[in-house]
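Containing mmCIF, C-alpha atoms: protein-v5.cif.
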data_upload
#
loop_
_atom_site.label_atom_id
_atom_site.label_comp_id
_atom_site.auth_asym_id
_atom_site.auth_seq_id
_atom_site.Cartn_x
_atom_site.Cartn_y
_atom_site.Cartn_z
CA MET R 27 176.68 187.62 254.45
CA LYS R 28 173.00 188.00 255.41
CA LYS R 29 174.02 190.40 258.18
CA ILE R 30 176.00 192.51 255.73
CA ILE R 31 173.08 192.65 253.27
CA ALA R 32 170.77 193.68 256.10
CA LEU R 33 173.13 196.51 257.03
CA PHE R 34 173.04 197.93 253.54
CA VAL R 35 169.24 197.69 253.42
CA ALA R 36 169.17 199.67 256.66
CA ALA R 37 171.50 202.24 255.13
CA LEU R 38 169.11 202.69 252.21
CA VAL R 39 166.26 203.32 254.63
CA CYS R 40 168.34 206.17 256.05
CA VAL R 41 168.16 207.96 252.69
CA VAL R 42 164.67 209.22 253.56
CA SER R 43 165.88 211.08 256.62
CA TYR R 44 168.83 212.53 254.65
CA ALA R 45 166.46 213.90 252.03
CA GLN R 46 164.39 215.65 254.69
CA ALA R 47 167.38 217.45 256.21
CA ASP R 48 168.43 220.96 255.17
CA THR R 49 172.15 220.27 255.60
CA LEU R 50 174.29 217.15 255.55
CA ARG R 51 177.22 217.19 257.99
CA ILE R 52 180.07 214.69 257.59
CA LEU R 53 183.04 214.26 259.94
CA ALA R 54 185.98 211.97 259.17
CA ILE R 55 188.16 210.81 262.06
CA GLY R 56 191.25 209.52 260.32
CA ASN R 57 194.72 210.15 258.98
CA SER R 58 196.43 210.78 255.64
CA PHE R 59 194.17 208.26 253.89
CA SER R 60 191.06 210.25 254.81
CA GLU R 61 192.98 213.37 253.71
CA ASP R 62 193.41 211.70 250.32
CA GLY R 63 189.77 210.66 250.29
CA LEU R 64 188.21 214.02 251.09
CA GLU R 65 190.52 216.68 249.66
CA TYR R 66 188.59 217.13 246.41
CA LEU R 67 185.09 216.52 247.74
CA PRO R 68 184.36 220.28 248.01
CA ASP R 69 185.33 220.65 244.33
CA LEU R 70 182.79 218.00 243.34
CA LEU R 71 180.13 219.63 245.53
CA GLU R 72 180.78 223.03 243.97
CA ALA R 73 180.57 221.63 240.45
CA ALA R 74 177.27 219.94 241.33
CA GLY R 75 175.84 223.15 242.78
CA VAL R 76 175.61 221.60 246.24
CA HIS R 77 176.21 224.15 249.01
CA ASN R 78 174.49 222.52 251.97
CA VAL R 79 177.07 219.87 252.83
CA ILE R 80 179.52 220.55 255.67
CA VAL R 81 182.63 218.38 255.78
CA GLY R 82 185.11 218.08 258.64
CA LYS R 83 188.22 215.96 259.02
CA LEU R 84 190.39 215.24 262.04
CA TYR R 85 193.91 214.33 260.96
CA ILE R 86 197.02 212.89 262.54
CA GLY R 87 199.45 211.20 260.15
CA GLY R 88 199.34 207.40 260.42
CA CYS R 89 196.80 207.57 263.24
CA SER R 90 195.30 204.25 264.32
CA LEU R 91 192.04 203.54 266.08
CA GLU R 92 194.04 202.97 269.24
CA ARG R 93 195.81 206.30 269.01
CA HIS R 94 192.56 208.21 268.48
CA CYS R 95 191.33 206.72 271.75
CA ARG R 96 194.59 207.53 273.57
CA GLU R 97 194.54 211.08 272.24
CA TYR R 98 191.09 211.45 273.81
CA ARG R 99 192.11 209.82 277.09
CA GLY R 100 195.08 212.15 277.43
CA ASP R 101 193.24 215.27 276.22
CA LEU R 102 196.10 215.77 273.75
CA LYS R 103 196.23 218.45 271.07
CA ASN R 104 197.87 216.80 268.09
CA TYR R 105 195.18 217.02 265.42
CA ARG R 106 194.76 219.20 262.39
CA TYR R 107 191.07 219.96 262.03
CA SER R 108 189.91 220.98 258.57
CA LYS R 109 186.40 222.10 257.79
CA SER R 110 184.61 222.95 254.56
CA VAL R 111 181.37 224.92 254.94
CA LYS R 112 181.18 226.75 251.61
CA ASN R 113 183.14 224.19 249.61
CA GLU R 114 186.50 225.56 250.71
CA TRP R 115 188.79 224.12 253.39
CA VAL R 116 189.71 226.09 256.51
CA LYS R 117 192.33 224.45 258.75
CA GLU R 118 193.27 224.61 262.44
CA GLU R 119 196.45 223.07 263.83
CA GLY R 120 197.14 221.70 267.29
CA VAL R 121 193.65 220.82 268.47
CA GLY R 122 192.14 217.85 270.30
CA ILE R 123 189.71 215.30 268.95
CA LEU R 124 186.76 216.99 270.69
CA ARG R 125 187.33 220.16 268.68
CA GLY R 126 185.97 218.29 265.69
CA ILE R 127 183.42 216.02 267.33
CA GLU R 128 181.73 218.84 269.25
CA ASP R 129 181.88 221.41 266.45
CA GLU R 130 178.73 220.36 264.57
CA PRO R 131 175.70 218.08 265.07
CA TRP R 132 177.26 215.62 262.63
CA ASP R 133 174.90 213.39 260.61
CA ILE R 134 177.71 211.03 259.62
CA VAL R 135 180.96 210.23 261.40
CA THR R 136 183.47 208.05 259.55
CA MET R 137 186.28 205.99 261.04
CA GLN R 138 189.15 203.96 259.63
CA GLN R 139 192.14 201.93 260.73
CA ASN R 140 195.64 203.07 259.83
CA SER R 141 196.78 201.58 256.55
CA GLY R 142 199.39 199.14 257.83
CA SER R 143 196.95 197.54 260.26
CA SER R 144 193.88 197.76 258.03
CA GLY R 145 194.05 194.05 257.25
CA ILE R 146 194.76 192.85 260.80
CA TYR R 147 191.49 192.51 262.68
CA GLU R 148 193.09 192.12 266.11
CA THR R 149 194.10 195.82 265.93
CA TYR R 150 190.47 196.93 265.58
CA ASN R 151 189.34 195.87 269.04
CA PRO R 152 188.58 197.20 271.56
CA TRP R 153 189.47 200.51 269.94
CA PHE R 154 186.71 200.77 267.37
CA GLY R 155 184.04 200.32 270.03
CA GLU R 156 185.74 202.82 272.31
CA LEU R 157 185.94 205.42 269.55
CA VAL R 158 182.25 204.95 268.78
CA SER R 159 181.50 205.49 272.47
CA ILE R 160 183.52 208.73 272.44
CA VAL R 161 181.49 209.99 269.47
CA ARG R 162 178.21 208.98 271.10
CA LYS R 163 179.16 210.80 274.29
CA HIS R 164 180.28 214.07 272.70
CA CYS R 165 178.45 214.49 269.39
CA SER R 166 175.35 216.64 269.89
CA ASN R 167 173.46 214.63 267.29
CA THR R 168 172.61 211.44 269.15
CA GLY R 169 171.48 209.87 265.90
CA ALA R 170 174.75 210.37 264.05
CA ARG R 171 175.44 207.47 261.70
CA ILE R 172 178.77 205.66 261.85
CA TYR R 173 180.34 204.78 258.50
CA TRP R 174 183.47 202.75 257.95
CA HIS R 175 186.13 204.10 255.59
CA GLN R 176 187.51 201.14 253.64
CA THR R 177 191.12 201.92 252.75
CA TRP R 178 193.16 200.52 249.85
CA ALA R 179 196.05 198.13 249.36
CA TYR R 180 199.51 199.48 248.64
CA SER R 181 200.97 199.52 245.14
CA ARG R 182 202.73 196.38 243.99
CA ASN R 183 206.16 197.99 244.27
CA SER R 184 205.51 199.85 247.53
CA ASP R 185 208.38 200.20 249.98
CA HIS R 186 206.08 200.94 252.94
CA ARG R 187 207.58 199.52 256.11
CA GLU R 188 204.36 197.65 256.94
CA PHE R 189 203.88 196.03 253.56
CA PRO R 190 205.84 192.90 254.65
CA LYS R 191 202.90 192.08 256.96
CA TYR R 192 201.11 191.08 253.77
CA GLY R 193 204.04 189.37 252.08
CA ARG R 194 204.53 192.49 249.95
CA ASP R 195 201.57 191.29 247.91
CA GLN R 196 198.83 193.71 246.85
CA LYS R 197 196.17 191.03 246.45
CA THR R 198 196.89 189.59 249.90
CA MET R 199 196.58 193.04 251.47
CA TYR R 200 193.37 193.91 249.61
CA GLU R 201 191.70 190.65 250.57
CA ALA R 202 192.80 191.06 254.20
CA ILE R 203 191.23 194.54 254.27
CA LEU R 204 187.95 193.21 252.88
CA ASP R 205 187.94 190.37 255.40
CA CYS R 206 188.41 192.82 258.28
CA ASN R 207 185.63 195.03 256.94
CA ARG R 208 183.23 192.10 256.70
CA ARG R 209 184.04 191.04 260.25
CA LEU R 210 183.66 194.59 261.56
CA LEU R 211 180.24 194.95 259.94
CA SER R 212 179.14 191.57 261.25
CA ASP R 213 180.30 192.39 264.79
CA ASN R 214 178.87 195.92 264.78
CA PRO R 215 175.34 196.05 263.30
CA ALA R 216 175.08 199.74 264.11
CA ILE R 217 177.51 200.62 261.31
CA ALA R 218 175.41 202.32 258.65
CA GLY R 219 177.65 201.54 255.67
CA VAL R 220 181.05 201.55 254.01
CA ILE R 221 182.91 204.13 251.93
CA PRO R 222 184.67 201.70 249.57
CA ASP R 223 187.87 203.50 248.62
CA GLY R 224 189.65 200.16 248.52
CA ALA R 225 187.29 198.83 245.85
CA SER R 226 187.25 202.01 243.76
CA THR R 227 191.05 202.09 243.83
CA MET R 228 191.11 198.47 242.69
CA PHE R 229 188.78 199.27 239.79
CA VAL R 230 190.94 202.19 238.63
CA ARG R 231 193.98 199.94 238.85
CA THR R 232 192.39 197.75 236.17
CA SER R 233 191.48 200.74 233.98
CA LYS R 234 193.48 202.64 231.37
CA LEU R 235 194.52 205.17 234.02
CA ASN R 236 196.88 202.76 235.76
CA ASP R 237 200.61 203.45 235.45
CA SER R 238 203.93 202.28 236.86
CA LYS R 239 203.25 204.03 240.19
CA ASP R 240 199.90 202.25 240.41
CA ILE R 241 197.89 205.49 240.86
CA THR R 242 199.88 206.41 243.98
CA ARG R 243 202.42 209.14 244.49
CA ASP R 244 204.71 207.16 246.77
CA GLY R 245 203.49 203.56 246.72
CA TYR R 246 200.64 204.05 249.19
CA HIS R 247 199.21 207.59 249.17
CA GLN R 248 197.02 208.40 246.19
CA ASN R 249 198.41 210.62 243.47
CA TYR R 250 197.19 214.22 243.39
CA GLN R 251 195.31 213.82 240.15
CA TYR R 252 193.04 210.86 239.42
CA GLY R 253 193.93 208.96 242.60
CA ARG R 254 192.46 211.52 244.95
CA TYR R 255 189.74 212.36 242.44
CA THR R 256 188.52 208.75 242.41
CA LEU R 257 188.35 208.70 246.20
CA ALA R 258 186.41 211.98 246.34
CA CYS R 259 183.97 210.55 243.81
CA THR R 260 183.56 207.50 246.05
CA TRP R 261 182.79 209.61 249.13
CA TYR R 262 180.34 211.65 247.09
CA GLU R 263 178.53 208.63 245.70
CA ALA R 264 178.41 206.82 249.05
CA LEU R 265 177.35 209.73 251.26
CA VAL R 266 176.25 212.77 249.27
CA ALA R 267 174.31 211.17 246.41
CA PRO R 268 171.71 209.64 248.78
CA PHE R 269 171.24 213.11 250.33
CA THR R 270 170.98 215.15 247.12
CA GLY R 271 169.64 212.57 244.69
CA LYS R 272 172.49 213.56 242.35
CA SER R 273 175.00 210.89 241.35
CA VAL R 274 178.64 211.83 240.88
CA LYS R 275 178.41 210.34 237.40
CA GLY R 276 178.42 213.25 234.96
CA ASN R 277 179.91 215.71 237.46
CA LYS R 278 181.73 218.47 235.54
CA CYS R 279 184.56 218.96 238.03
CA LEU R 280 187.92 218.52 236.26
CA LEU R 281 190.11 219.95 239.07
CA LYS R 282 191.06 223.03 237.04
CA ALA R 283 191.02 225.25 240.14
CA SER R 284 193.47 222.98 241.95
CA GLY R 285 195.93 222.88 239.07
CA ARG R 286 195.50 219.08 238.76
CA GLU R 287 193.30 219.15 235.67
CA LEU R 288 191.82 215.90 234.40
CA SER R 289 190.62 215.11 230.92
CA PRO R 290 186.86 214.52 230.63
CA LYS R 291 187.58 210.88 229.76
CA ALA R 292 189.75 210.37 232.85
CA ALA R 293 187.05 211.97 235.03
CA ARG R 294 184.43 209.61 233.59
CA ILE R 295 186.62 206.59 234.36
CA CYS R 296 187.09 207.72 237.96
CA GLN R 297 183.41 208.47 238.41
CA LYS R 298 182.40 205.11 236.99
CA ALA R 299 184.91 203.31 239.24
CA ALA R 300 183.44 205.09 242.28
CA CYS R 301 179.84 204.25 241.37
CA LYS R 302 180.76 200.62 240.71
CA ALA R 303 182.53 200.38 244.07
CA VAL R 304 179.56 201.79 245.97
CA ARG R 305 177.39 199.12 244.34
CA ALA R 306 180.00 196.40 245.02
CA PRO R 307 182.08 197.45 248.05
CA PHE R 308 183.49 193.94 248.51
CA ALA R 309 184.39 193.31 244.88
CA THR R 310 187.06 190.68 244.39
CA TYR R 311 190.61 191.60 243.51
CA GLU R 312 190.21 190.20 240.00
CA ALA R 313 187.05 192.21 239.22
CA PRO R 314 187.95 194.38 236.20
CA TYR R 315 187.04 197.93 235.37
CA THR R 316 184.86 197.85 232.26
CA GLU R 317 184.05 200.70 229.88
#
Please go through the file and, once you have read it, give me the structure as structure tokens.
Amino acid sequence: MKKIIALFVAALVCVVSYAQADTLRILAIGNSFSEDGLEYLPDLLEAAGVHNVIVGKLYIGGCSLERHCREYRGDLKNYRYSKSVKNEWVKEEGVGILRGIEDEPWDIVTMQQNSGSSGIYETYNPWFGELVSIVRKHCSNTGARIYWHQTWAYSRNSDHREFPKYGRDQKTMYEAILDCNRRLLSDNPAIAGVIPDGASTMFVRTSKLNDSKDITRDGYHQNYQYGRYTLACTWYEALVAPFTGKSVKGNKCLLKASGRELSPKAARICQKAACKAVRAPFATYEAPYTE
């Protein structure tokens, strides 16, 4: 626990260097869960009047840490690379992992495990370390910070083929994810911090926004309204707020442009869940959302 606290203290120290930069550049190396997490981030940035944040995401559906490394080893071209420079996504299909890594002098590079293996620590190694080495070798910013994207547990009634690994129990899966995250942080002191989508999802699940689908659209991917919105708020609060000094709390984005409009009350609940998760990224399963 002391190691984990020390890591977050170090991450706070990094805020000074963020504030001195003209532009914040964030790259996510992930899969559909990072797609869920980042899709609405440009909308939040636009609503906040923030135009100096560049966001990139490298996507292969269901991609694991191991596959990212094998894609690199084989110089394969299976990624979709999306990039937002002026708060609007532009996408390229059929590119390799280096298309994203070499595209910008990224300040932050995020990584995640695929959802089914997110609570099984044996699947993290040696692949996490190898992926970090790939980034260090090819990213032009030698000081790029590595953040871990904490994913979420499936809905209680999910039919995902990998849910049986956790006894088809949401609490078991959530706790396994947290345990893996703690171990990863302890084993890798260079990790600058966590984007706690798992915790923010858990908080929304205990709020008035929860429904029979458990904020997902299919039992594991976030729904297109407040599910994805909560995740975008979490990314904003964890990575952008330290750079701009502007919290996501009070952000006026209601997703009108995307056709997924939220009520102001729903937006406040999502924003509060995100802020609470950033403060408590390892919150217990029973921790409730409170008004």
Quiz prompt | Neighbour residues at most 12 Å from (180.0, 215.4, 271.9) (only C-alpha atoms) as a PyMOL selection string | solution = chain R and resi 98+123-132+135+157-170
Quiz item: In Å to one decimal, how far is CA of Ala300 (chain R) from CA of Lys191 (chain R)?
Solution: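 Interatomic distance, CA of Lys191 (chain R) to CA of Ala300 (chain R): 27.6 Å.
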Quiz prompt | Test item: the PyMOL selection byres ((chain R and resi 239-251) around 9) resolved as an MDAnalysis selection string | solution = chainID R and resid 58:59 62:63 141 178:186 227 230:231 235:238 252:257 281 286:288
Quiz item: Between CA of Arg171 (chain R) and CA of Gly100 (chain R), what is the distance, to one decimal in Å?
Solution: 25.6 Å
Self-check item: Selection near Lys112 (chain R), 10 Å with all atoms listed in the file, sequence-local residues under 4 positions removed, as a VMD selection string
Solution: chain R and resid 68 71 to 72 76 to 81 116
